[in-house]
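K.L.:
Handing you a structure now.
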Amino acid sequence: MLRVEIEKCIGCGECESACTFGAIVVEDGKAVVDADTCTMCGTCVDACPEDALELDRESGAGPGIDLDEWRGVWVTAEYRFGSTAPVTFELLGKGRQLADDLGVALTAVLMGSGVSEHASELIHRGADRVLLVDHPELENFRDEIFARILARLAREEKPEVILAGATAMGRSYIPQVATMLETGLTADCTELAVRMEDRALLQTRPAFGGNLLATIVCPAHRPQMSTVRPHVLKALEADTSRQGEIVRVPLSDDDLKARVKVLESVMEESDGPGLADAEIVIAAGRGMESEKNMEMVHELASLLDAGVGASRAVTDAEWLPHRAQIGQTGVTISPKLYLGCGISGAIQHVVGIQGSDMIVAINKDPDAPIFDLATYGIVGDVKEILPLLIKRIRQERGA
Amino acid sequence: MKIAVCIKQVPDASTVRFDKEKGTLVREGVESVINPFDYNAIEAGLSLRDQFGGEVSVVTMGPPQASEAVKEAISLGVDGGVVVSDRAFAGADTLATTYTLAKAIEKLGQFDLVICGKQAIDGDTAQVGPGLAVRLNIPCVTCVDELEAIDDGKRLRLKRMCEQGYDMVEVELPALVTVLASLNTPRVPSLKGKMRARKTEVPIMNAEDIGADVSRVGLAGSPTQVASTTIPTFDARREMLEGEPEQQVDALVDRLKEAGIL
Ligand SMILES: Cc1cc2nc3c(=O)[nH]c(=O)nc-3n(C[C@H](O)[C@H](O)[C@H](O)COP(=O)(O)OP(=O)(O)OC[C@H]3O[C@@H](n4cnc5c(N)ncnc54)[C@H](O)[C@@H]3O)c2cc1C
Ligand SMILES: Nc1ncnc2c1ncn2[C@@H]1O[C@H](COP(=O)(O)O)[C@@H](O)[C@H]1O
């Protein structure tokens, strides 16, 4: 609960302007908290010049576990359809840095069937050690089994941090592991760091549709667990000279009990490199005005060898298939260049493009919110700008 | 078939505004709606009931006003529902939420199937469904895109989506599934349903009613805490390319060349 010490409050309003949720207002010269909207983030406590605000976070005590028993950083490797998911290498890159900061080893946990030959690559990408769980029963992904094994290993070895990809698989079984271990889990992180004084993992994620970044900690429980959005962190180059240890984990029948049966596992054909992997993305919005005008987008994309993405307005209109949708309910991208054409920049769209190195927006409305996050903005009509841009790039290419 | 559907009331995303000057979310006049994916969860429950009989109940944890969400679900055809509400539940993260929901569901009886939405659009965690399954000790299948009851409703055959494709799986009941928007098209409220909703007094269950240990609910039961929040500062990078269209395009091409993109 956030409490106001009425005697100390001078009604200056610093808390009111600091609160991003509108949960504290000054009424009749005193700060008043709306308990239903207050998220207990503590921004107002820091802002108050009179120390009149106090936050008791009762969860501080926790289950009384000995935090010092828990050491080491773990990354769960994701292996499906015959290959290791790229997010695994991104996690290892960040995990390496966190492990070095904490002065501990980085362990990768690899589960699957016939996956042994992929263990050394995890070492080349930064792991000191691989816990290898290779068993025919792990051929298909089944939540129960994967969750039970990871939870058992974590109880035995007590890592302080476990990271996983925020993929369909990670988002399915990792919450089950966290519940089994009765610990905290932060979903869809975009940034991770260590606070050295208490070895806390600072887990940053977009909140409230991406208008805010919240940094989450898990002070009194271990392990500290996060799922991390793919395409946000940078992987290390593979270094084949790196040495590490590969530990085979034996399984018992109890580990392998399951109430779910996988009948078949189907990999669908995808046409070329996915949108999520494209280095340049041309994104179309309602401002393209018609399906016919989409030709300009496709032409520009093929010139630049770019992926074509869209806002929901465009996929709803079926100018592009649903899988082209970028944003909260679509894919997240982190290309070198995102070029938004006739996109307003609604929060649900924008959360999907924040990892882009450069954002360029073309929109005829100078007040379109997308300009707030554009590296370069062009106020103009896409029907005028795009043909000119295509022509200029042709010239460049010709020269 | 006895089915529980977990629904959450969320702020209507299309009406939340962001005041850039003050850096605050403006929630005045913002309406609360049922989380979009939870409509698909309700529909999945209703169509199974239409096929096999039984009943569908909705469960929601939230402030007392969440009874509006339950009433809306009743107008769509669910048989009943409860709001799980207590001051002590405030500030719950997903671990505390799953504990609370599991206690409530256990109190309400034995269910063959628990259905959740894929994720709630306010927090987007997608953690409540899988965590709840562990609490209830039932198997969990997430991201369901097709659902068919087989063996006279004793098992489900499901299509579970992932990035690269999909799995066809079978699960014994009782089980928990989380559903995608592509699973079905939610029905609209019927007149009869609306009338029934209007007459319904939605029961509220508090911590004591569900037999919850108060140290495990709300903020007290939440391992995660918000350490700080920041407003992403986009403005720092902003440059508008001025002039006639030709000049704007030239300037852009120059910038792209500088950055090594062209
Ligand atoms: C729960 C929920 C989830 C959602 N998830 C997503 C998501 O994942 N991804 C997503 O994209 N959206 C999502 N949305 C929808 C989102 O809120 C917006 O409605 C959508 O992104 C708007 O698309 P738009 O920018 O193309 O269209 P609009 O908002 O209509 O903007 C069109 C823009 O084009 C400009 N324009 C018009 N004509 C021209 C022209 N000739 N030249 C240049 N500019 C022009 C206009 O000035 C305007 O800014 C979601 C919404 C909800 C409620
Ligand atoms: N407070 C709640 N009350 C009832 N159901 C919830 C609640 N929070 C989450 N859920 C359910 O869990 C799903 C996933 O939510 P989340 O994990 O918050 O993204 C939702 O679609 C709901 O079905």
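Residues are referred to by chain and number: the chain letter is A, B, ... according to the order shown in the structure tokens, the number counts from 1 in that chain, and ligands are numbered separately from 1 in the order shown.
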Need the shell around stretch 89-97 of chain A: protein/DNA/RNA residues with any atom at most 12 Å away, counting only C-alpha atoms. Skip same-chain ones fewer than 3 positions apart. Format as a CSV table (one decimal) with all heavy atoms, in the first residue's frame?

P.N.:
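Saved file out21.csv follows:
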chain,number,residue,atom,x,y,z
A,72,GLY,N,24.6,-18.7,-10.4
A,72,GLY,CA,24.7,-19.1,-11.8
A,72,GLY,C,23.5,-18.6,-12.6
A,72,GLY,O,22.4,-18.3,-12.2
A,73,VAL,N,23.9,-18.4,-13.9
A,73,VAL,CA,22.9,-18.0,-14.9
A,73,VAL,C,22.6,-19.1,-15.9
A,73,VAL,O,23.5,-19.8,-16.4
A,73,VAL,CB,23.4,-16.8,-15.7
A,73,VAL,CG1,22.4,-16.3,-16.8
A,73,VAL,CG2,23.7,-15.6,-14.7
A,74,TRP,N,21.3,-19.4,-16.1
A,74,TRP,CA,20.9,-20.4,-17.0
A,74,TRP,C,20.1,-19.8,-18.2
A,74,TRP,O,19.3,-18.9,-18.0
A,74,TRP,CB,19.9,-21.4,-16.3
A,74,TRP,CG,20.6,-22.4,-15.5
A,74,TRP,CD1,21.9,-22.3,-15.0
A,74,TRP,CD2,20.0,-23.6,-15.0
A,74,TRP,NE1,22.1,-23.4,-14.2
A,74,TRP,CE2,21.0,-24.2,-14.2
A,74,TRP,CE3,18.8,-24.2,-15.1
A,74,TRP,CZ2,20.8,-25.5,-13.5
A,74,TRP,CZ3,18.5,-25.4,-14.4
A,74,TRP,CH2,19.5,-26.0,-13.7
A,75,VAL,N,20.3,-20.4,-19.3
A,75,VAL,CA,19.6,-20.1,-20.5
A,75,VAL,C,18.9,-21.4,-21.1
A,75,VAL,O,19.6,-22.4,-21.2
A,75,VAL,CB,20.5,-19.5,-21.6
A,75,VAL,CG1,19.9,-19.5,-23.0
A,75,VAL,CG2,20.9,-18.0,-21.2
A,76,THR,N,17.6,-21.3,-21.3
A,76,THR,CA,17.0,-22.6,-21.9
A,76,THR,C,17.2,-22.5,-23.4
A,76,THR,O,16.8,-21.5,-24.0
A,76,THR,CB,15.6,-22.7,-21.5
A,76,THR,OG1,14.9,-21.6,-22.1
A,76,THR,CG2,15.4,-22.7,-20.0
A,77,ALA,N,17.7,-23.5,-24.0
A,77,ALA,CA,17.9,-23.5,-25.5
A,77,ALA,C,16.5,-24.0,-26.1
A,77,ALA,O,15.9,-24.9,-25.5
A,77,ALA,CB,19.0,-24.5,-25.9
A,78,GLU,N,16.2,-23.4,-27.2
A,78,GLU,CA,14.9,-23.9,-27.8
A,78,GLU,C,15.3,-24.6,-29.1
A,78,GLU,O,15.9,-24.0,-30.0
A,78,GLU,CB,14.0,-22.7,-28.1
A,78,GLU,CG,12.8,-23.1,-28.9
A,78,GLU,CD,11.6,-22.1,-28.9
A,78,GLU,OE1,11.6,-21.3,-27.9
A,78,GLU,OE2,10.9,-22.1,-29.8
A,79,TYR,N,14.9,-25.9,-29.2
A,79,TYR,CA,15.3,-26.7,-30.3
A,79,TYR,C,14.0,-27.2,-30.9
A,79,TYR,O,13.2,-27.9,-30.2
A,79,TYR,CB,16.2,-27.8,-29.9
A,79,TYR,CG,16.6,-28.7,-31.0
A,79,TYR,CD1,17.7,-28.4,-31.8
A,79,TYR,CD2,15.9,-29.8,-31.3
A,79,TYR,CE1,18.1,-29.1,-32.9
A,79,TYR,CE2,16.3,-30.6,-32.4
A,79,TYR,CZ,17.4,-30.3,-33.2
A,79,TYR,OH,17.7,-31.1,-34.2
A,83,SER,N,16.3,-27.5,-35.7
A,83,SER,CA,17.3,-26.5,-35.5
A,83,SER,C,17.1,-25.7,-34.2
A,83,SER,O,16.0,-25.8,-33.6
A,83,SER,CB,17.4,-25.5,-36.7
A,83,SER,OG,16.1,-24.9,-36.8
A,84,THR,N,18.2,-25.1,-33.8
A,84,THR,CA,18.1,-24.3,-32.6
A,84,THR,C,17.6,-22.9,-32.9
A,84,THR,O,18.0,-22.3,-33.9
A,84,THR,CB,19.5,-24.1,-32.0
A,84,THR,OG1,20.1,-25.4,-31.9
A,84,THR,CG2,19.5,-23.5,-30.6
A,85,ALA,N,16.5,-22.5,-32.2
A,85,ALA,CA,15.9,-21.2,-32.5
A,85,ALA,C,16.9,-20.0,-32.3
A,85,ALA,O,17.7,-20.1,-31.3
A,85,ALA,CB,14.7,-21.0,-31.6
A,86,PRO,N,17.0,-19.1,-33.2
A,86,PRO,CA,17.9,-17.9,-33.0
A,86,PRO,C,17.9,-17.2,-31.7
A,86,PRO,O,18.9,-16.8,-31.2
A,86,PRO,CB,17.6,-17.0,-34.1
A,86,PRO,CG,16.8,-17.8,-35.1
A,86,PRO,CD,16.2,-18.9,-34.4
A,100,ASP,N,29.1,-12.8,-16.4
A,100,ASP,CA,30.4,-12.2,-16.2
A,100,ASP,C,30.2,-11.1,-15.1
A,100,ASP,O,31.0,-11.0,-14.2
A,100,ASP,CB,31.0,-11.5,-17.4
A,100,ASP,CG,31.5,-12.6,-18.4
A,100,ASP,OD1,31.7,-13.8,-18.0
A,100,ASP,OD2,31.7,-12.3,-19.6
A,101,ASP,N,29.2,-10.3,-15.2
A,101,ASP,CA,28.9,-9.3,-14.2
A,101,ASP,C,28.8,-9.9,-12.8
A,101,ASP,O,29.3,-9.4,-11.8
A,101,ASP,CB,27.6,-8.5,-14.5
A,101,ASP,CG,27.8,-7.6,-15.7
A,101,ASP,OD1,29.0,-7.4,-16.1
A,101,ASP,OD2,26.8,-7.0,-16.2
A,102,LEU,N,28.1,-11.0,-12.7
A,102,LEU,CA,27.8,-11.7,-11.5
A,102,LEU,C,29.0,-12.6,-11.0
A,102,LEU,O,29.0,-13.1,-9.9
A,102,LEU,CB,26.6,-12.5,-11.6
A,102,LEU,CG,25.2,-11.8,-11.7
A,102,LEU,CD1,24.1,-12.7,-12.1
A,102,LEU,CD2,24.8,-11.2,-10.3
A,103,GLY,N,29.9,-12.8,-11.9
A,103,GLY,CA,31.1,-13.7,-11.6
A,103,GLY,C,30.7,-15.1,-11.4
A,103,GLY,O,31.2,-15.8,-10.5
A,104,VAL,N,29.8,-15.6,-12.3
A,104,VAL,CA,29.3,-17.0,-12.2
A,104,VAL,C,29.4,-17.6,-13.6
A,104,VAL,O,29.6,-16.9,-14.6
A,104,VAL,CB,27.9,-17.1,-11.6
A,104,VAL,CG1,27.8,-16.6,-10.2
A,104,VAL,CG2,26.9,-16.3,-12.5
A,105,ALA,N,29.1,-18.9,-13.6
A,105,ALA,CA,29.1,-19.6,-14.9
A,105,ALA,C,27.8,-19.4,-15.6
A,105,ALA,O,26.7,-19.2,-15.0
A,105,ALA,CB,29.3,-21.1,-14.7
A,106,LEU,N,27.8,-19.6,-17.0
A,106,LEU,CA,26.6,-19.5,-17.8
A,106,LEU,C,26.3,-21.0,-18.3
A,106,LEU,O,27.2,-21.6,-18.9
A,106,LEU,CB,26.8,-18.6,-19.0
A,106,LEU,CG,25.7,-18.6,-20.0
A,106,LEU,CD1,24.4,-18.0,-19.4
A,106,LEU,CD2,26.1,-17.7,-21.2
A,107,THR,N,25.2,-21.4,-18.0
A,107,THR,CA,24.8,-22.8,-18.3
A,107,THR,C,23.6,-22.7,-19.3
A,107,THR,O,22.7,-22.0,-19.1
A,107,THR,CB,24.3,-23.6,-17.1
A,107,THR,OG1,25.4,-23.6,-16.1
A,107,THR,CG2,23.8,-25.0,-17.4
A,108,ALA,N,23.7,-23.6,-20.4
A,108,ALA,CA,22.6,-23.7,-21.3
A,108,ALA,C,21.9,-25.0,-21.0
A,108,ALA,O,22.6,-26.0,-20.8
A,108,ALA,CB,23.1,-23.6,-22.8
A,109,VAL,N,20.6,-25.0,-21.0
A,109,VAL,CA,19.9,-26.3,-20.8
A,109,VAL,C,19.2,-26.7,-22.2
A,109,VAL,O,18.4,-25.9,-22.7
A,109,VAL,CB,18.7,-26.1,-19.8
A,109,VAL,CG1,18.0,-27.5,-19.6
A,109,VAL,CG2,19.3,-25.6,-18.5
A,121,GLU,N,27.6,-26.1,-30.1
A,121,GLU,CA,27.3,-24.8,-30.6
A,121,GLU,C,26.9,-23.8,-29.5
A,121,GLU,O,27.2,-22.6,-29.6
A,121,GLU,CB,26.2,-24.8,-31.7
A,121,GLU,CG,26.1,-23.5,-32.4
A,121,GLU,CD,25.1,-23.5,-33.6
A,121,GLU,OE1,24.4,-24.5,-33.8
A,121,GLU,OE2,25.1,-22.5,-34.3
A,122,LEU,N,26.2,-24.3,-28.5
A,122,LEU,CA,25.8,-23.4,-27.4
A,122,LEU,C,27.1,-22.9,-26.7
A,122,LEU,O,27.1,-21.8,-26.2
A,122,LEU,CB,24.9,-24.2,-26.5
A,122,LEU,CG,23.6,-24.8,-27.1
A,122,LEU,CD1,22.8,-25.6,-26.1
A,122,LEU,CD2,22.8,-23.6,-27.7
A,123,ILE,N,28.1,-23.7,-26.6
A,123,ILE,CA,29.4,-23.3,-26.0
A,123,ILE,C,30.0,-22.3,-26.9
A,123,ILE,O,30.5,-21.2,-26.4
A,123,ILE,CB,30.3,-24.5,-25.7
A,123,ILE,CG1,29.6,-25.3,-24.6
A,123,ILE,CG2,31.7,-24.1,-25.3
A,123,ILE,CD1,30.2,-26.7,-24.4
A,124,HIS,N,30.0,-22.5,-28.2
A,124,HIS,CA,30.6,-21.5,-29.1
A,124,HIS,C,29.9,-20.2,-29.0
A,124,HIS,O,30.5,-19.2,-29.3
A,124,HIS,CB,30.5,-22.0,-30.6
A,124,HIS,CG,31.2,-23.4,-30.8
A,124,HIS,ND1,30.9,-24.2,-31.9
A,124,HIS,CD2,32.2,-24.0,-30.1
A,124,HIS,CE1,31.7,-25.3,-31.8
A,124,HIS,NE2,32.5,-25.2,-30.7
A,125,ARG,N,28.7,-20.2,-28.6
A,125,ARG,CA,27.9,-19.0,-28.6
A,125,ARG,C,27.9,-18.3,-27.2
A,125,ARG,O,27.1,-17.4,-26.9
A,125,ARG,CB,26.5,-19.2,-29.0
A,125,ARG,CG,26.3,-19.6,-30.4
A,125,ARG,CD,26.7,-18.5,-31.4
A,125,ARG,NE,26.2,-18.8,-32.7
A,125,ARG,CZ,25.6,-18.0,-33.5
A,125,ARG,NH1,25.5,-16.7,-33.2
A,125,ARG,NH2,25.2,-18.4,-34.7
A,126,GLY,N,28.7,-18.9,-26.2
A,126,GLY,CA,28.9,-18.2,-25.0
A,126,GLY,C,28.7,-19.0,-23.7
A,126,GLY,O,29.1,-18.6,-22.6
A,127,ALA,N,28.1,-20.2,-23.8
A,127,ALA,CA,27.9,-21.0,-22.6
A,127,ALA,C,29.2,-21.6,-22.0
A,127,ALA,O,30.1,-22.0,-22.8
A,127,ALA,CB,26.9,-22.1,-22.9
A,128,ASP,N,29.3,-21.7,-20.7
A,128,ASP,CA,30.4,-22.4,-20.1
A,128,ASP,C,30.1,-23.9,-20.0
A,128,ASP,O,31.0,-24.8,-19.9
A,128,ASP,CB,30.7,-21.9,-18.7
A,128,ASP,CG,31.0,-20.4,-18.7
A,128,ASP,OD1,31.9,-20.1,-19.5
A,128,ASP,OD2,30.4,-19.7,-18.0
A,129,ARG,N,28.8,-24.2,-20.0
A,129,ARG,CA,28.4,-25.6,-19.6
A,129,ARG,C,27.0,-25.8,-20.3
A,129,ARG,O,26.2,-24.9,-20.4
A,129,ARG,CB,28.2,-25.6,-18.1
A,129,ARG,CG,28.3,-26.9,-17.4
A,129,ARG,CD,28.3,-26.7,-15.9
A,129,ARG,NE,27.0,-26.2,-15.5
A,129,ARG,CZ,26.2,-26.9,-14.7
A,129,ARG,NH1,26.6,-28.1,-14.2
A,129,ARG,NH2,25.0,-26.5,-14.3
A,130,VAL,N,26.8,-27.1,-20.7
A,130,VAL,CA,25.5,-27.4,-21.2
A,130,VAL,C,24.9,-28.6,-20.4
A,130,VAL,O,25.6,-29.6,-20.2
A,130,VAL,CB,25.6,-27.8,-22.7
A,130,VAL,CG1,24.3,-28.2,-23.3
A,130,VAL,CG2,26.2,-26.7,-23.6
A,160,GLU,N,20.6,-18.7,-10.0
A,160,GLU,CA,19.9,-17.5,-9.5
A,160,GLU,C,19.1,-16.8,-10.7
A,160,GLU,O,18.1,-16.1,-10.4
A,160,GLU,CB,20.9,-16.5,-9.0
A,160,GLU,CG,22.0,-16.0,-10.0
A,160,GLU,CD,23.2,-15.4,-9.2
A,160,GLU,OE1,23.1,-14.4,-8.5
A,160,GLU,OE2,24.3,-16.0,-9.4
A,161,VAL,N,19.4,-17.2,-11.9
A,161,VAL,CA,18.7,-16.6,-13.0
A,161,VAL,C,18.3,-17.7,-14.1
A,161,VAL,O,19.2,-18.5,-14.4
A,161,VAL,CB,19.5,-15.5,-13.7
A,161,VAL,CG1,18.9,-15.0,-15.1
A,161,VAL,CG2,19.7,-14.3,-12.8
A,162,ILE,N,17.1,-17.7,-14.6
A,162,ILE,CA,16.8,-18.5,-15.7
A,162,ILE,C,16.1,-17.7,-16.8
A,162,ILE,O,15.1,-17.0,-16.6
A,162,ILE,CB,15.8,-19.7,-15.4
A,162,ILE,CG1,16.4,-20.6,-14.3
A,162,ILE,CG2,15.5,-20.5,-16.6
A,162,ILE,CD1,15.5,-21.7,-13.9
A,163,LEU,N,16.7,-17.7,-18.0
A,163,LEU,CA,16.2,-16.9,-19.1
A,163,LEU,C,15.7,-17.9,-20.2
A,163,LEU,O,16.3,-18.9,-20.5
A,163,LEU,CB,17.3,-16.1,-19.8
A,163,LEU,CG,18.1,-15.2,-18.9
A,163,LEU,CD1,19.2,-14.4,-19.7
A,163,LEU,CD2,17.2,-14.2,-18.1
A,164,ALA,N,14.6,-17.5,-20.8
A,164,ALA,CA,14.0,-18.3,-21.9
A,164,ALA,C,13.5,-17.4,-23.0
A,164,ALA,O,13.2,-16.2,-22.7
A,164,ALA,CB,12.9,-19.2,-21.4
A,165,GLY,N,13.3,-17.9,-24.2
A,165,GLY,CA,12.7,-17.1,-25.3
A,165,GLY,C,11.2,-16.9,-25.1
A,165,GLY,O,10.6,-17.8,-24.7
A,166,ALA,N,10.8,-15.7,-25.4
A,166,ALA,CA,9.3,-15.4,-25.3
A,166,ALA,C,8.7,-15.9,-26.6
A,166,ALA,O,8.1,-15.1,-27.4
A,166,ALA,CB,9.0,-14.0,-25.1
A,189,CYS,N,10.6,-9.6,-21.8
A,189,CYS,CA,11.5,-8.5,-21.5
A,189,CYS,C,12.2,-8.1,-22.8
A,189,CYS,O,12.4,-8.8,-23.7
A,189,CYS,CB,12.6,-9.1,-20.5
A,189,CYS,SG,11.8,-9.5,-18.9
A,190,THR,N,12.6,-6.8,-22.7
A,190,THR,CA,13.4,-6.3,-23.9
A,190,THR,C,14.8,-5.9,-23.4
A,190,THR,O,15.6,-5.5,-24.2
A,190,THR,CB,12.7,-5.1,-24.5
A,190,THR,OG1,12.4,-4.1,-23.4
A,190,THR,CG2,11.4,-5.5,-25.2
A,191,GLU,N,15.0,-5.9,-22.1
A,191,GLU,CA,16.3,-5.5,-21.6
A,191,GLU,C,16.6,-6.1,-20.3
A,191,GLU,O,15.7,-6.3,-19.5
A,191,GLU,CB,16.4,-4.0,-21.5
A,191,GLU,CG,17.7,-3.4,-21.7
A,191,GLU,CD,17.6,-1.9,-21.6
A,191,GLU,OE1,17.0,-1.2,-22.4
A,191,GLU,OE2,18.2,-1.3,-20.6
A,192,LEU,N,17.8,-6.6,-20.1
A,192,LEU,CA,18.2,-7.2,-18.8
A,192,LEU,C,19.5,-6.6,-18.3
A,192,LEU,O,20.4,-6.4,-19.1
A,192,LEU,CB,18.3,-8.7,-19.0
A,192,LEU,CG,17.1,-9.5,-19.4
A,192,LEU,CD1,17.5,-10.9,-19.8
A,192,LEU,CD2,16.0,-9.6,-18.3
A,193,ALA,N,19.6,-6.4,-17.0
A,193,ALA,CA,20.9,-6.0,-16.4
A,193,ALA,C,20.9,-6.5,-15.0
A,193,ALA,O,19.9,-7.0,-14.4
A,193,ALA,CB,20.9,-4.5,-16.5
A,194,VAL,N,22.1,-6.3,-14.4
A,194,VAL,CA,22.2,-6.8,-13.0
A,194,VAL,C,22.5,-5.6,-12.1
A,194,VAL,O,23.2,-4.6,-12.5
A,194,VAL,CB,23.4,-7.7,-12.9
A,194,VAL,CG1,23.8,-7.9,-11.4
A,194,VAL,CG2,23.1,-9.0,-13.6
A,201,LEU,N,18.3,-9.1,-10.7
A,201,LEU,CA,18.1,-9.0,-12.2
A,201,LEU,C,17.1,-7.9,-12.5
A,201,LEU,O,16.0,-8.0,-12.0
A,201,LEU,CB,17.7,-10.4,-12.7
A,201,LEU,CG,17.5,-10.5,-14.3
A,201,LEU,CD1,18.9,-10.3,-14.9
A,201,LEU,CD2,16.8,-11.8,-14.7
A,226,SER,N,12.9,-14.8,-16.5
A,226,SER,CA,12.4,-13.9,-17.5
A,226,SER,C,12.2,-14.7,-18.8
A,226,SER,O,13.0,-15.5,-19.2
A,226,SER,CB,13.3,-12.8,-17.9
A,226,SER,OG,14.1,-12.4,-16.8
A,227,THR,N,11.1,-14.3,-19.6
A,227,THR,CA,11.1,-14.7,-21.0
A,227,THR,C,11.5,-13.4,-21.7
A,227,THR,O,11.2,-12.3,-21.3
A,227,THR,CB,9.8,-15.2,-21.5
A,227,THR,OG1,8.8,-14.2,-21.3
A,227,THR,CG2,9.4,-16.5,-20.8
A,228,VAL,N,12.2,-13.5,-22.8
A,228,VAL,CA,12.8,-12.4,-23.6
A,228,VAL,C,12.3,-12.4,-25.0
A,228,VAL,O,12.3,-13.5,-25.7
A,228,VAL,CB,14.3,-12.4,-23.5
A,228,VAL,CG1,14.9,-11.2,-24.2
A,228,VAL,CG2,14.8,-12.5,-22.1
A,229,ARG,N,11.9,-11.3,-25.5
A,229,ARG,CA,11.4,-11.2,-26.9
A,229,ARG,C,12.5,-11.5,-27.9
A,229,ARG,O,13.6,-11.0,-27.7
A,229,ARG,CB,10.9,-9.8,-27.2
A,229,ARG,CG,9.5,-9.5,-26.7
A,229,ARG,CD,8.7,-8.9,-27.8
A,229,ARG,NE,7.3,-9.1,-27.5
A,229,ARG,CZ,6.3,-8.9,-28.4
A,229,ARG,NH1,6.6,-8.4,-29.6
A,229,ARG,NH2,5.0,-9.0,-28.1
A,230,PRO,N,12.2,-12.4,-28.8
A,230,PRO,CA,13.2,-12.6,-29.9
A,230,PRO,C,13.5,-11.4,-30.7
A,230,PRO,O,12.7,-10.4,-30.7
A,230,PRO,CB,12.4,-13.6,-30.8
A,230,PRO,CG,11.4,-14.3,-30.0
A,230,PRO,CD,11.0,-13.2,-29.0
A,231,HIS,N,14.7,-11.3,-31.3
A,231,HIS,CA,15.1,-10.2,-32.1
A,231,HIS,C,15.3,-8.9,-31.4
A,231,HIS,O,15.3,-7.9,-32.0
A,231,HIS,CB,14.1,-9.9,-33.3
A,231,HIS,CG,13.8,-11.1,-34.1
A,231,HIS,ND1,14.7,-11.6,-35.0
A,231,HIS,CD2,12.7,-11.9,-34.1
A,231,HIS,CE1,14.1,-12.7,-35.5
A,231,HIS,NE2,13.0,-12.9,-35.0
A,232,VAL,N,15.5,-9.0,-30.1
A,232,VAL,CA,15.8,-7.8,-29.4
A,232,VAL,C,17.2,-7.7,-28.9
A,232,VAL,O,17.9,-6.7,-29.0
A,232,VAL,CB,14.8,-7.6,-28.2
A,232,VAL,CG1,15.2,-6.4,-27.3
A,232,VAL,CG2,13.4,-7.5,-28.6
A,233,LEU,N,17.7,-8.8,-28.4
A,233,LEU,CA,19.1,-8.9,-27.9
A,233,LEU,C,20.0,-9.3,-29.0
A,233,LEU,O,19.6,-9.9,-30.0
A,233,LEU,CB,19.2,-9.9,-26.7
A,233,LEU,CG,18.3,-9.6,-25.5
A,233,LEU,CD1,18.4,-10.7,-24.5
A,233,LEU,CD2,18.6,-8.3,-24.9
A,234,LYS,N,21.3,-9.0,-28.8
A,234,LYS,CA,22.3,-9.4,-29.9
A,234,LYS,C,23.0,-10.7,-29.5
A,234,LYS,O,23.5,-10.8,-28.4
A,234,LYS,CB,23.3,-8.3,-30.1
A,234,LYS,CG,22.7,-7.0,-30.6
A,234,LYS,CD,22.6,-6.9,-32.1
A,234,LYS,CE,21.9,-5.6,-32.6
A,234,LYS,NZ,20.4,-5.7,-32.6
A,235,ALA,N,23.1,-11.6,-30.5
A,235,ALA,CA,23.9,-12.8,-30.2
A,235,ALA,C,25.4,-12.5,-30.4
A,235,ALA,O,25.7,-11.5,-31.1
A,235,ALA,CB,23.4,-13.9,-31.2
A,236,LEU,N,26.2,-13.4,-29.8
A,236,LEU,CA,27.6,-13.3,-30.1
A,236,LEU,C,27.9,-14.1,-31.3
A,236,LEU,O,27.3,-15.1,-31.7
A,236,LEU,CB,28.4,-13.9,-28.9
A,236,LEU,CG,28.2,-13.3,-27.5
A,236,LEU,CD1,28.9,-14.1,-26.5
A,236,LEU,CD2,28.8,-11.9,-27.5
A,237,GLU,N,29.0,-13.7,-32.0
A,237,GLU,CA,29.5,-14.5,-33.2
A,237,GLU,C,29.9,-15.9,-32.6
A,237,GLU,O,30.4,-16.0,-31.5
A,237,GLU,CB,30.7,-13.9,-33.8
A,237,GLU,CG,30.4,-12.6,-34.6
A,237,GLU,CD,29.5,-12.8,-35.8
A,237,GLU,OE1,29.6,-13.9,-36.4
A,237,GLU,OE2,28.6,-12.0,-36.0
A,238,ALA,N,29.7,-16.9,-33.4
A,238,ALA,CA,30.2,-18.3,-32.9
A,238,ALA,C,31.7,-18.3,-32.9
A,238,ALA,O,32.4,-17.8,-33.8
A,238,ALA,CB,29.7,-19.3,-33.9
A,239,ASP,N,32.3,-18.8,-31.7
A,239,ASP,CA,33.7,-18.9,-31.6
A,239,ASP,C,34.0,-20.3,-31.3
A,239,ASP,O,33.8,-20.8,-30.2
A,239,ASP,CB,34.2,-18.0,-30.4
A,239,ASP,CG,35.6,-18.2,-30.0
A,239,ASP,OD1,36.3,-19.0,-30.7
A,239,ASP,OD2,36.1,-17.5,-29.1

K.L.:
From a DSSP pass on the backbone, collect the residues of stretch 30-215 of chain B flagged as alpha helix (DSSP H) and hand them back as an MDAnalysis selection string.

P.N.:
chainID B and resid 36:52 67:76 94:108 128:136 191:199

K.L.:
As a PyMOL selection string, please: every protein or nucleic acid residue near ligand 2 (cut-off 6 Å, counting only C-alpha atoms and all ligand atoms).

P.N.:
chain B and resi 6-8+37-38+59-62+116-120+123-129

K.L.:
Which residue, B:Asp145, B:Arg49, B:Pro186, B:Ala4, has the smallest gap to B:Pro36 when you use only C-alpha atoms?

P.N.:
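Nearest candidate to B:Pro36 out of B:Asp145, B:Arg49, B:Pro186, B:Ala4: B:Pro186.
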